[in-house]
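Peer 1: Input file: data_36.txt. Contents: compact mmCIF, C-alpha atoms (C1' of nucleotides).
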# COMPACT_ATOMS: atom_id res chain seq x y z
CA MET Q 1 176.97 116.06 133.97
CA PRO Q 2 175.76 114.23 130.86
CA LYS Q 3 176.57 115.76 127.51
CA ARG Q 4 173.63 117.51 125.98
CA ILE Q 5 172.51 115.88 122.79
CA VAL Q 6 170.55 117.90 120.26
CA THR Q 7 169.09 116.69 117.04
CA THR Q 8 169.13 118.50 113.72
CA SER Q 9 166.11 119.99 112.00
CA GLU Q 10 162.89 118.07 112.56
CA ASN Q 11 164.84 115.07 113.82
CA VAL Q 12 164.43 113.32 110.47
CA SER Q 13 167.77 111.57 110.51
CA HIS Q 14 168.90 109.54 113.48
CA LYS Q 15 172.47 109.76 112.24
CA LYS Q 16 172.68 113.52 112.13
CA GLN Q 17 173.12 114.27 115.78
CA LYS Q 18 175.50 116.81 117.22
CA THR Q 19 177.03 117.13 120.67
CA PHE Q 20 177.80 120.69 121.68
CA HIS Q 21 181.26 121.28 123.00
CA TRP Q 22 181.38 122.89 126.43
CA SER Q 23 183.19 125.93 125.05
CA SER Q 24 180.04 126.97 123.19
CA GLY Q 25 178.03 126.88 126.42
CA LEU Q 26 177.30 130.62 126.45
CA VAL Q 27 175.64 130.54 123.05
CA GLN Q 28 173.41 127.79 124.46
CA ALA Q 29 172.84 129.62 127.72
CA VAL Q 30 171.22 132.65 126.09
CA GLN Q 31 168.43 130.31 124.94
CA ASN Q 32 167.75 129.27 128.53
CA PRO Q 33 164.89 131.39 129.97
CA GLU Q 34 166.08 130.63 133.51
CA LEU Q 35 169.39 132.35 132.77
CA LEU Q 36 168.40 135.11 130.34
CA VAL Q 37 167.74 138.41 132.10
CA LEU Q 38 167.20 140.74 129.15
CA SER Q 39 168.38 141.42 125.63
CA ASP Q 40 168.40 144.15 123.00
CA ASP Q 41 169.55 144.48 119.37
CA LEU Q 42 173.20 143.95 120.24
CA VAL Q 43 173.53 141.90 123.41
CA TYR Q 44 172.08 139.32 125.75
CA VAL Q 45 172.39 139.64 129.52
CA ILE Q 46 172.41 136.35 131.41
CA LYS Q 47 172.96 135.27 134.96
CA ASP Q 48 176.21 133.32 135.12
CA LYS Q 49 175.27 129.66 135.46
CA TYR Q 50 177.99 129.23 138.10
CA PRO Q 51 178.16 132.70 139.74
CA LYS Q 52 181.45 133.49 141.46
CA SER Q 53 179.89 136.21 143.65
CA GLN Q 54 176.47 136.87 145.11
CA CYS Q 55 175.58 138.77 141.92
CA HIS Q 56 177.24 137.82 138.64
CA PHE Q 57 175.96 138.68 135.14
CA LEU Q 58 177.43 138.21 131.69
CA ILE Q 59 176.89 140.69 128.86
CA ILE Q 60 177.15 138.58 125.69
CA CYS Q 61 177.26 140.17 122.24
CA LYS Q 62 174.97 138.85 119.53
CA LYS Q 63 177.63 139.44 116.86
CA ASP Q 64 179.74 136.33 116.35
CA ILE Q 65 182.94 137.57 118.00
CA GLY Q 66 184.90 134.76 119.68
CA SER Q 67 186.88 136.80 122.19
CA LEU Q 68 188.78 140.04 122.73
CA SER Q 69 191.50 138.87 120.34
CA ASP Q 70 188.92 138.93 117.53
CA VAL Q 71 187.68 142.45 118.29
CA LYS Q 72 188.27 145.05 115.52
CA ILE Q 73 188.26 148.83 115.77
CA GLU Q 74 184.86 148.77 114.00
CA ASP Q 75 183.50 147.02 117.13
CA ILE Q 76 184.25 150.02 119.36
CA ASP Q 77 180.60 151.10 119.61
CA LEU Q 78 179.60 147.54 120.50
CA LEU Q 79 182.12 147.43 123.36
CA LYS Q 80 180.87 150.82 124.56
CA HIS Q 81 177.32 149.50 124.42
CA MET Q 82 178.29 146.39 126.40
CA ASN Q 83 179.84 148.69 129.02
CA GLU Q 84 176.68 150.80 129.16
CA MET Q 85 174.61 147.67 129.63
CA ALA Q 86 176.94 146.65 132.45
CA GLU Q 87 176.35 150.04 134.11
CA LYS Q 88 172.61 149.49 133.77
CA MET Q 89 172.91 146.11 135.49
CA LYS Q 90 174.94 147.69 138.31
CA LYS Q 91 172.27 150.32 138.88
CA SER Q 92 169.39 147.86 138.88
CA ASN Q 93 171.23 145.70 141.43
CA ASP Q 94 172.62 148.39 143.70
CA GLU Q 95 171.81 146.42 146.85
CA TYR Q 96 175.19 144.83 146.14
CA ARG Q 97 177.58 147.57 147.18
CA SER Q 98 180.07 147.51 144.34
CA PHE Q 99 180.81 145.66 141.16
CA ASN Q 100 183.73 144.86 138.96
CA VAL Q 101 183.12 145.06 135.22
CA GLY Q 102 185.66 143.43 132.93
CA TYR Q 103 186.84 140.69 130.62
CA HIS Q 104 189.01 137.65 131.21
CA ALA Q 105 192.28 138.00 129.31
CA GLU Q 106 192.00 134.39 128.13
CA PRO Q 107 188.41 133.17 128.43
CA SER Q 108 187.57 129.47 128.36
CA MET Q 109 184.27 129.92 126.58
CA SER Q 110 183.72 131.56 123.24
CA ARG Q 111 181.47 134.44 122.26
CA LEU Q 112 182.77 137.67 123.66
CA HIS Q 113 181.36 138.23 127.15
CA LEU Q 114 181.71 140.98 129.74
CA HIS Q 115 181.56 140.03 133.44
CA VAL Q 116 179.49 142.17 135.82
CA ILE Q 117 180.35 140.75 139.22
CA SER Q 118 179.70 142.05 142.73
CA ASP Q 119 182.94 142.35 144.67
CA ASP Q 120 182.00 140.10 147.62
CA MET Q 121 183.47 137.02 145.88
CA ASP Q 122 181.22 135.01 148.17
CA SER Q 123 179.91 131.99 146.31
CA SER Q 124 179.86 128.23 146.67
CA HIS Q 125 180.87 128.02 142.99
CA LEU Q 126 184.13 129.82 143.64
CA LYS Q 127 186.32 126.83 144.44
CA THR Q 128 189.77 127.07 142.90
CA LYS Q 129 192.82 129.33 142.80
CA LYS Q 130 192.19 129.76 139.09
CA HIS Q 131 188.67 130.99 139.80
CA TRP Q 132 189.98 133.44 142.37
CA ASN Q 133 192.87 134.78 140.34
CA SER Q 134 190.78 135.12 137.19
CA PHE Q 135 188.78 137.89 138.92
CA THR Q 136 191.33 139.40 141.29
CA THR Q 137 194.55 139.72 139.23
CA GLU Q 138 195.47 141.41 135.96
CA PHE Q 139 193.89 138.40 134.24
CA PHE Q 140 190.70 140.44 134.75
CA ILE Q 141 190.81 143.53 132.49
CA SER Q 142 188.33 146.28 133.19
CA SER Q 143 185.87 147.20 130.47
CA GLU Q 144 187.08 150.83 130.39
CA VAL Q 145 190.69 149.72 129.98
CA VAL Q 146 189.73 147.42 127.10
CA ILE Q 147 187.92 150.28 125.35
CA GLU Q 148 190.91 152.63 125.79
CA ASN Q 149 193.22 149.84 124.60
CA LEU Q 150 191.14 149.34 121.43
CA ILE Q 151 191.03 153.04 120.62
CA LYS Q 152 194.76 153.48 121.14
CA ASN Q 153 195.95 150.33 119.34
CA LYS Q 154 193.14 149.78 116.81
CA LYS Q 155 192.92 146.28 118.32
CA VAL Q 156 192.98 144.88 121.86
CA ILE Q 157 196.52 144.09 122.99
CA LEU Q 158 196.36 141.31 125.57
CA PRO Q 159 198.81 139.63 127.95
CA SER Q 160 200.71 136.70 126.45
CA LYS Q 161 199.75 133.11 127.18
CA GLU Q 162 202.67 132.90 129.61
CA GLU Q 163 201.61 136.08 131.40
CA CYS Q 164 198.06 134.74 131.70
CA ARG Q 165 199.36 131.50 133.19
CA LYS Q 166 201.49 133.51 135.61
CA PHE Q 167 198.48 135.57 136.77
CA LEU Q 168 196.40 132.46 137.38
CA GLU Q 169 199.19 130.83 139.40
CA LEU Q 170 199.91 133.81 141.65
CA PRO Q 171 199.74 133.07 145.40
CA LEU Q 172 196.31 133.58 146.92
CA LYS Q 173 195.67 137.02 148.35
CA CYS Q 174 192.54 138.70 149.69
CA HIS Q 175 191.23 141.23 147.14
CA LYS Q 176 190.43 143.75 149.89
CA CYS Q 177 193.34 143.49 152.33
CA ASP Q 178 196.84 142.06 152.71
CA PHE Q 179 195.71 138.70 154.05
CA LYS Q 180 197.57 135.79 152.48
CA PRO Q 181 195.51 132.63 152.99
CA LYS Q 182 197.22 129.27 153.05
CA ASN Q 183 194.59 127.67 150.82
CA MET Q 184 191.14 128.20 149.34
CA PRO Q 185 189.09 127.16 152.37
CA ASP Q 186 191.19 129.58 154.44
CA LEU Q 187 190.48 132.38 151.95
CA LYS Q 188 186.76 131.65 151.84
CA LYS Q 189 186.49 131.81 155.63
CA HIS Q 190 188.38 135.10 155.59
CA ILE Q 191 186.22 136.87 153.02
CA VAL Q 192 182.98 136.06 154.82
CA ASN Q 193 184.25 136.71 158.36
CA HIS Q 194 186.71 139.60 157.97
CA CYS Q 195 186.41 141.38 154.64
C1' DG B 196 183.61 126.17 131.65
C1' DT B 197 182.85 121.87 135.32
C1' DT B 198 183.49 117.17 137.17
C1' DC B 199 186.15 113.69 138.95
C1' DT B 200 189.75 111.81 141.52
C1' DA B 201 194.83 110.48 142.38
C1' DG B 202 198.21 111.72 145.08
C1' DA B 203 200.31 115.59 147.51
C1' DA B 204 200.03 118.13 151.68
C1' DC B 205 198.75 118.34 156.13
C1' DG H 206 193.40 109.44 158.04
C1' DT H 207 191.52 113.61 156.06
C1' DT H 208 191.91 117.79 153.37
C1' DC H 209 193.19 119.97 149.37
C1' DT H 210 194.96 120.75 144.77
C1' DA H 211 195.72 120.07 140.00
C1' DG H 212 195.34 117.63 135.68
C1' DA H 213 192.48 114.59 132.40
C1' DA H 214 188.32 114.40 130.13
C1' DC H 215 188.50 110.83 123.20
Can you give me the file's structure in the form of structure tokens?

Peer 2:
Amino acid sequence: MPKRIVTTSENVSHKKQKTFHWSSGLVQAVQNPELLVLSDDLVYVIKDKYPKSQCHFLIICKKDIGSLSDVKIEDIDLLKHMNEMAEKMKKSNDEYRSFNVGYHAEPSMSRLHLHVISDDMDSSHLKTKKHWNSFTTEFFISSEVVIENLIKNKKVILPSKEECRKFLELPLKCHKCDFKPKNMPDLKKHIVNHC
DNA sequence: GTTCTAGAAC
DNA sequence: GTTCTAGAAC
């Protein structure tokens, strides 16, 4: 995929060009009408560009918060609002039986974002063990748990870098039963045919 | 976050 | 020989 080049104001200078880094992709994505679902004073809701289930939204705050590690106690109402928006998205997409709502412990992309993901985990974009484990292990922290964590600790206490790495490297396991696939293709066949 | 691909695993 | 994973990307 070619890097997206954008020019500065009015394109006056040919020298002043900037290439966005991939980690700011979400802040770009909210400007994409094909991805943006809705927004209000506090958040954007977008369709994940590479959904890891049949239905996968991101609730992205408008406030410039990088990630959970930057969240302050004063942001508690914002996190509650993001959770309420997630509930709204669940209700308006209830043809998908159930959803998981939570944050990645160590996200790759900045701007705090809450995942609302149907629990089928059936998607052509779900390709790697890291993808799988990021939604099916403790690397994925439920929205309610994050809110309780913030209230109790006045900040969000997260797993260490080493713990995160450990979660992502856990052996593959079906999220609905005890099946232990030998590899990703094995797992993907299992979740569509058996679970 | 994804893409690409070398070399491991089969 | 083909499938699959895991690390680099300036």

Peer 1: What are the residues of chain Q lining chain H at 10 Å or less? Count all atoms listed in the file, and put the answer as a list in words.

Peer 2: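 Listed by rising number, the hits are Thr128, Lys129, Asn183, Met184 and Pro185 of chain Q.
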
Peer 1: Could you please determine the separation between CA of Asn149 in chain Q and CA of Asp119 in chain Q in Å, to one decimal place?

Peer 2: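 Answer for the CA of Asn149 in chain Q to CA of Asp119 in chain Q separation: 23.8 Å.
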
Peer 1: Which is closest to Asp48 in chain Q among Q:Lys188, Q:Lys155, Q:Lys80, Q:His115, if we use only C-alpha atoms?

Peer 2: Q:His115

Peer 1: For CA of Glu169 in chain Q and CA of His131 in chain Q, determine how far apart the two atoms are, in Å to one decimal place.

Peer 2: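 Between CA of Glu169 in chain Q and CA of His131 in chain Q the gap is 10.5 Å.
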
Peer 1: Quick one: pull the distance between CA of Lys90 in chain Q and CA of Ser118 in chain Q, Å, one decimal.

Peer 2: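 Result for CA of Lys90 in chain Q versus CA of Ser118 in chain Q: 8.6 Å, one decimal.
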
Peer 1: Box along x, y and z, 6 Å on every side, all listed atoms of chain H inside: centre and edge lengths in Å to one decimal, as JSON.

Peer 2:
{"center_x": 192.0, "center_y": 115.1, "center_z": 140.6, "size_x": 19.4, "size_y": 23.3, "size_z": 46.8}

Peer 1: Near Ile151 in chain Q, counting all atoms listed in the file, which residues have an atom at most 12 Å away, once you skip same-chain residues fewer than 3 positions from it, shown as a list in words?

Peer 2: Val71, Lys72, Ile73, Glu74, Asp75, Ile76, Asp77, Leu79, Lys80, Glu144, Val145, Val146, Ile147, Glu148, Lys154, Lys155, Val156 and Ile157 of chain Q

Peer 1: Give me, as a JSON list (two decimals) with C-alpha atoms, in the frame of the given file, all polymer residues having an atom no more than 9 Å from Pro107 in chain Q, counting only C-alpha atoms (C1' of nucleotides) and skipping those fewer than 4 positions away in the same chain.

Peer 2:
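The resulting file, result.json, is reproduced below:
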[["chain", "number", "residue", "atom", "x", "y", "z"],
["Q", 67, "SER", "CA", 186.88, 136.80, 122.19],
["Q", 68, "LEU", "CA", 188.78, 140.04, 122.73],
["Q", 103, "TYR", "CA", 186.84, 140.69, 130.62],
["Q", 112, "LEU", "CA", 182.77, 137.67, 123.66],
["Q", 113, "HIS", "CA", 181.36, 138.23, 127.15]]

Peer 1: Would you kindly return, as a VMD selection string, each protein, DNA or RNA residue with an atom no farther than 10 Å from any atom of range 164-166 of chain Q, considering only C-alpha atoms (C1' of nucleotides) and excluding same-chain residues fewer than 4 positions away?

Peer 2: chain Q and resid 104 to 106 130 133 to 134 137 to 140 158 to 160 170 to 171
